[in-house]
Every structure is written in structure tokens, then in C-alpha cells.
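In what follows, a single structure is set out as C-alpha cells and then discussed.
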Amino acid sequence: MGKLAMVLFVLFFTMALGGCAPQPVSSESIPPSKAVNLKTPPVDYSSVRVVQLASDQAILIDGTYYEVTAASTFTTVSGASLQPKELRPGDLVFLTASKTATGQLPEKGVLLSLVKHEDETSQRISTAIAQVLENQETGDIIAPEIKSVSSHLVTLQFRDWANEHKYECIVNLKSLAFHVKEITGSVQKSP
């Protein structure tokens, strides 16, 4: 009986190893899937916010002065730490904050976290928006908002701080030339 058990064991073991034989390899290569850059996901520019002014105490974004506290965190998309003084007008950011509605501009809030976009396209857009913020002749603008981005143009809208007229601006990403026009029917400040 011991010999029979040994023969059955060897037979079973041989059959098990036979099932592990390598399968024939196909000579056809599998086409690669579309290249995906895992390092930098595409940015939805309609959801980013534009830094208008920044200091160690407060940051003006979307017509709101957000107070910087000891609990406020600043990073880049890649996770690098950032200081508030490193932010520049035109920088594109994601923002988490609390906001107090006062009904007057600028609103007030407390900044919880801010993440700055640092990819090449975002930097080009930031440079173009900074050009508008620094050189437009419309007045004191507030709350610049990106409306669309193409390969060579950025369209943004903003309001004049004093009269709250609404404006649209188209900026060339390469030449940084821009054109501002008032959007008709914009809301005027009530008396």
C-alpha cells in the first residue's frame, strides 16, 4: 500500500507540474494604450481660481480677502511646500476656505488650504493673466475668472471694483497682447 500511495503521489505531482507549463507566446505585440501622463492630470481651468494679491497675512482671490492663519496650508500640485509670499498675481490655484458674505466687495474669509498649479500650460496662462492685471487701463479690477482656454488664447472676465461693470478680456498666450471690452448689460452698483 505504501508503494501505491507513492506512485499516486508522483503521478499527481507530475500532472500538477504539467499544468504549469509555459503557454505559447504570441508574436503580435499589443498596441499601447493612449499615453497618459500620471504626473500631471489635465487641469479644468474653469474650476481654478486666480490669485490677485498675496501677502503673509491675506490673499485676494475671487473678490474675497482670505486671511492666512497658522492653520492655512500652501502646496503645489506636486506636493511641494509653498509660502504665501511666493504667490504672484495671476497664479492659478485650488482653494479651500470659509467665507463670510458681507454683501460688499471685497468679501472676507479664512484660508484653509491652497494648491498652486505649476505645469507649463498653467504657468503660461498665469503669465498672461498677470500681464492683464498689471497693464489693463479699465480701472481697479476684481475677481478675474477664466472662461476659456485654447492653444493660444485665454478668455477671462472680471469686474471693475468701483462700479462693478463686467468686462471680458482675451489674451494671446504667446505675445501677451490683450483686448478688454465691457460686457453690455452688466450689473451696476446700487445707490
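Scheme for the C-alpha cells: letters A, B, ... for chains in order shown; per-chain residue numbers from 1; ligand numbers from 1 in order shown.
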Phe178 of chain A: which residues within 10 Å, counting only C-alpha atoms, same-chain residues fewer than 5 positions away excluded, as JSON, numbers by chain? {"A": [128, 129, 131, 132, 135, 136, 153, 154, 155, 169, 170, 171, 172, 173]}
Using the selection just defined, write its residues with N, CA and C atoms as an mmCIF file, in the first residue's frame.
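Result saved to part.cif:
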```cif
data_model
loop_
_atom_site.group_PDB
_atom_site.id
_atom_site.type_symbol
_atom_site.label_atom_id
_atom_site.label_comp_id
_atom_site.auth_asym_id
_atom_site.auth_seq_id
_atom_site.Cartn_x
_atom_site.Cartn_y
_atom_site.Cartn_z
ATOM 1 N N ALA A 128 0.108 85.339 -18.676
ATOM 2 C CA ALA A 128 -0.816 86.138 -19.491
ATOM 3 C C ALA A 128 -1.795 86.912 -18.608
ATOM 4 N N ILE A 129 -2.324 86.262 -17.582
ATOM 5 C CA ILE A 129 -3.272 86.947 -16.693
ATOM 6 C C ILE A 129 -2.562 88.040 -15.903
ATOM 7 N N GLN A 131 -0.115 89.794 -16.921
ATOM 8 C CA GLN A 131 0.055 90.896 -17.881
ATOM 9 C C GLN A 131 -1.199 91.780 -17.893
ATOM 10 N N VAL A 132 -2.359 91.161 -17.873
ATOM 11 C CA VAL A 132 -3.619 91.918 -17.867
ATOM 12 C C VAL A 132 -3.788 92.650 -16.540
ATOM 13 N N ASN A 135 -1.379 95.671 -16.464
ATOM 14 C CA ASN A 135 -1.322 96.657 -17.545
ATOM 15 C C ASN A 135 -2.658 97.097 -18.125
ATOM 16 N N GLN A 136 -3.764 96.572 -17.671
ATOM 17 C CA GLN A 136 -5.046 96.996 -18.226
ATOM 18 C C GLN A 136 -5.380 98.389 -17.726
ATOM 19 N N LEU A 153 -5.033 81.246 -26.808
ATOM 20 C CA LEU A 153 -5.788 82.352 -26.222
ATOM 21 C C LEU A 153 -6.393 81.964 -24.878
ATOM 22 N N VAL A 154 -6.506 82.958 -24.007
ATOM 23 C CA VAL A 154 -7.228 82.797 -22.749
ATOM 24 C C VAL A 154 -8.289 83.882 -22.708
ATOM 25 N N THR A 155 -9.509 83.490 -22.370
ATOM 26 C CA THR A 155 -10.591 84.454 -22.196
ATOM 27 C C THR A 155 -10.920 84.498 -20.713
ATOM 28 N N CYS A 169 -11.915 89.865 -21.328
ATOM 29 C CA CYS A 169 -10.581 90.117 -21.844
ATOM 30 C C CYS A 169 -10.081 88.860 -22.545
ATOM 31 N N ILE A 170 -9.533 89.046 -23.735
ATOM 32 C CA ILE A 170 -8.922 87.940 -24.476
ATOM 33 C C ILE A 170 -7.427 88.227 -24.561
ATOM 34 N N VAL A 171 -6.621 87.252 -24.121
ATOM 35 C CA VAL A 171 -5.169 87.416 -24.063
ATOM 36 C C VAL A 171 -4.503 86.381 -24.956
ATOM 37 N N ASN A 172 -3.539 86.811 -25.758
ATOM 38 C CA ASN A 172 -2.740 85.910 -26.573
ATOM 39 C C ASN A 172 -1.631 85.344 -25.686
ATOM 40 N N LEU A 173 -1.548 84.019 -25.577
ATOM 41 C CA LEU A 173 -0.568 83.388 -24.696
ATOM 42 C C LEU A 173 0.864 83.581 -25.154
#
```
Set the distance at 8 Å and use only C-alpha atoms: which residues neighbour Tyr167 of chain A once local chain neighbours fewer than 4 positions away are removed? I'd like the list as JSON, numbers by chain. {"A": [157, 158, 159, 160, 180, 181, 182, 183]}
Please, what distance in Å, to one decimal, runs between atom CA of Asp119 of chain A and atom CA of Phe94 of chain A? 13.7 Å
If you take only C-alpha atoms and a cut-off of 9 Å, which residues of segment 83-154 of chain A touch segment 74-79 of chain A, and what are their nearest atom pairs and distances in Å to one decimal, in chain and number order, as a tab-separated table?
```
residue	atom	partner	partner_atom	distance
A:Gln83	CA	A:Phe74	CA	6.3
A:Pro84	CA	A:Phe74	CA	7.0
A:Val93	CA	A:Thr76	CA	8.6
A:Leu112	CA	A:Phe74	CA	8.9
A:Ser113	CA	A:Phe74	CA	5.9
A:Leu114	CA	A:Phe74	CA	5.0
A:Val115	CA	A:Thr75	CA	4.9
A:Lys116	CA	A:Thr76	CA	4.5
A:His117	CA	A:Val77	CA	5.6
A:Glu118	CA	A:Thr76	CA	6.7
A:Asp119	CA	A:Val77	CA	8.6
```
Any chance you could export the current selection's C-alpha atoms as a PDB file, in the first residue's frame?
```pdb
ATOM      1  CA  GLN A  83       4.973  80.072   1.314  1.00  0.00           C
ATOM      2  CA  PRO A  84       2.272  82.748   0.813  1.00  0.00           C
ATOM      3  CA  VAL A  93      -4.791  77.779  -7.562  1.00  0.00           C
ATOM      4  CA  LEU A 112      -7.769  76.680   4.930  1.00  0.00           C
ATOM      5  CA  SER A 113      -5.647  75.336   2.057  1.00  0.00           C
ATOM      6  CA  LEU A 114      -4.295  76.485  -1.263  1.00  0.00           C
ATOM      7  CA  VAL A 115      -2.742  74.347  -4.023  1.00  0.00           C
ATOM      8  CA  LYS A 116      -0.833  76.119  -6.817  1.00  0.00           C
ATOM      9  CA  HIS A 117      -0.721  74.776 -10.378  1.00  0.00           C
ATOM     10  CA  GLU A 118       2.820  74.558 -11.683  1.00  0.00           C
ATOM     11  CA  ASP A 119       2.588  72.785 -15.038  1.00  0.00           C
TER      12      ASP A 119
END
```
Which residue of A:Asn163, A:Ser55, A:Thr102, A:Gln123 approaches Lys85 of chain A most closely, using only C-alpha atoms: A:Ser55
Would you work out the distance separating atom CA of Leu92 of chain A from atom CA of Ser122 of chain A, expressed in Å to one decimal?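 Rounded to one decimal, the two atoms are 6.8 Å apart.
Reported to one decimal place, the separation of atom CA of Ile59 of chain A from atom CA of Ile146 of chain A is 18.2 Å.
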Enumerate as a tab-separated table (two decimals) with C-alpha atoms, in the first residue's frame all residues of segment 112-176 of chain A assigned to alpha helix (DSSP H) by DSSP on the backbone, naming them with the chain letters and numbers the document uses.
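out_39.tsv, written as the output of this step:
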```tsv
chain	number	residue	atom	x	y	z
A	120	GLU	CA	3.88	74.57	-18.15
A	121	THR	CA	0.43	75.48	-19.53
A	122	SER	CA	-0.73	76.86	-16.18
A	123	GLN	CA	2.44	78.96	-15.93
A	124	ARG	CA	1.84	80.39	-19.43
A	125	ILE	CA	-1.74	81.25	-18.51
A	126	SER	CA	-0.60	82.79	-15.21
A	127	THR	CA	1.89	84.99	-17.06
A	128	ALA	CA	-0.82	86.14	-19.49
A	129	ILE	CA	-3.27	86.95	-16.69
A	130	ALA	CA	-0.56	88.80	-14.74
A	131	GLN	CA	0.06	90.90	-17.88
A	132	VAL	CA	-3.62	91.92	-17.87
A	133	LEU	CA	-3.74	92.56	-14.11
A	134	GLU	CA	-0.69	94.80	-14.26
A	135	ASN	CA	-1.32	96.66	-17.54
```
Using only C-alpha atoms, tabulate the residues of segment 118-176 of chain A lying at most 8 Å from any atom of segment 42-49 of chain A, each with its closest atom pair and that distance in Å to one decimal, by chain and increasing residue number, as a tab-separated table.
```
residue	atom	partner	partner_atom	distance
A:Glu145	CA	A:Arg49	CA	6.9
A:Ile146	CA	A:Ser46	CA	5.9
A:Lys147	CA	A:Ser46	CA	6.1
A:Ser148	CA	A:Ser46	CA	7.0
A:Val149	CA	A:Tyr45	CA	7.3
```
Would you save the residues of that selection, restricted to N, CA and C atoms, as a PDB file, in the first residue's frame?
```
ATOM      1  N   GLU A 145     -11.755  85.799 -13.645  1.00  0.00           N
ATOM      2  CA  GLU A 145     -12.235  84.417 -13.744  1.00  0.00           C
ATOM      3  C   GLU A 145     -11.980  83.903 -15.156  1.00  0.00           C
ATOM      4  N   ILE A 146     -11.342  82.739 -15.258  1.00  0.00           N
ATOM      5  CA  ILE A 146     -11.058  82.143 -16.568  1.00  0.00           C
ATOM      6  C   ILE A 146     -12.348  81.564 -17.133  1.00  0.00           C
ATOM      7  N   LYS A 147     -12.679  81.964 -18.358  1.00  0.00           N
ATOM      8  CA  LYS A 147     -13.865  81.462 -19.032  1.00  0.00           C
ATOM      9  C   LYS A 147     -13.531  80.390 -20.058  1.00  0.00           C
ATOM     10  N   SER A 148     -12.396  80.542 -20.760  1.00  0.00           N
ATOM     11  CA  SER A 148     -11.990  79.516 -21.723  1.00  0.00           C
ATOM     12  C   SER A 148     -10.496  79.610 -21.981  1.00  0.00           C
ATOM     13  N   VAL A 149      -9.943  78.468 -22.402  1.00  0.00           N
ATOM     14  CA  VAL A 149      -8.523  78.371 -22.745  1.00  0.00           C
ATOM     15  C   VAL A 149      -8.423  77.581 -24.037  1.00  0.00           C
TER      16      VAL A 149
END
```
Using only C-alpha atoms, the shortest atom-to-atom distance to Asp56 of chain A among A:Ala162, A:Leu176, A:Ala101, A:Val68 belongs to A:Val68
